[in-house]
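S.K.: Okay, here's the structure, questions in a sec.
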Amino acid sequence: MFIAQISKGRTVREFIIDVLLIPTLVTAVWMSTFGLTAPVVQRVFWALAEGFLTIALLYVGAADALSALQAGSIATALPFTFILLMICFSLYRGLKSELKMSSY
C-alpha cells in the first residue's frame, strides 16, 4: 500500500490527478517528442510481421480471416478480463476499508 501511504490526506480527485492524469500527459508528450527513436531494424521487423499476418489472413479468405481475427482477439482478451474484475473488486474493498477507517 505504498501509494496509500504517500497519498494519505489527499482527496480522491487529487489522487486521480496526481497518479493517473499527470503521468499519462507526461508520457504522451514524451512519446510524441521522442517516440521515433526505435531502431530502424525493429520498425522494419514489426512492419513486415504485420504485413505477413495480413497477407496470411487475406489468403485464408475474407470472411474466415475476420472470424479468425475476432476469435484471436477474444482469446487474448478473455484472461485479462478476469484480472480486471479482480482489480475492480480489490479497489472496491480498499475504498470501503478506507471509508470505515476515516469514519472513526
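Letters for chains follow the order of the C-alpha cells (A, B, ...), residue numbers begin at 1 for each chain, and ligand numbers begin at 1 in the order shown.
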Which region 23-100 of chain A residues have any atom within 12 Å of an atom of region 8-19 of chain A, and for each, what is the nearest pair of atoms with distance in Å to one decimal, counting only C-alpha atoms, rows sorted by chain and number, as CSV?
M.R.:
```
residue,atom,partner,partner_atom,distance
A:Pro23,CA,A:Val19,CA,6.6
A:Thr24,CA,A:Val19,CA,8.7
A:Leu25,CA,A:Ile17,CA,10.4
A:Val26,CA,A:Val19,CA,11.4
A:Leu95,CA,A:Val12,CA,9.9
A:Glu98,CA,A:Lys8,CA,10.4
A:Leu99,CA,A:Val12,CA,11.7
```
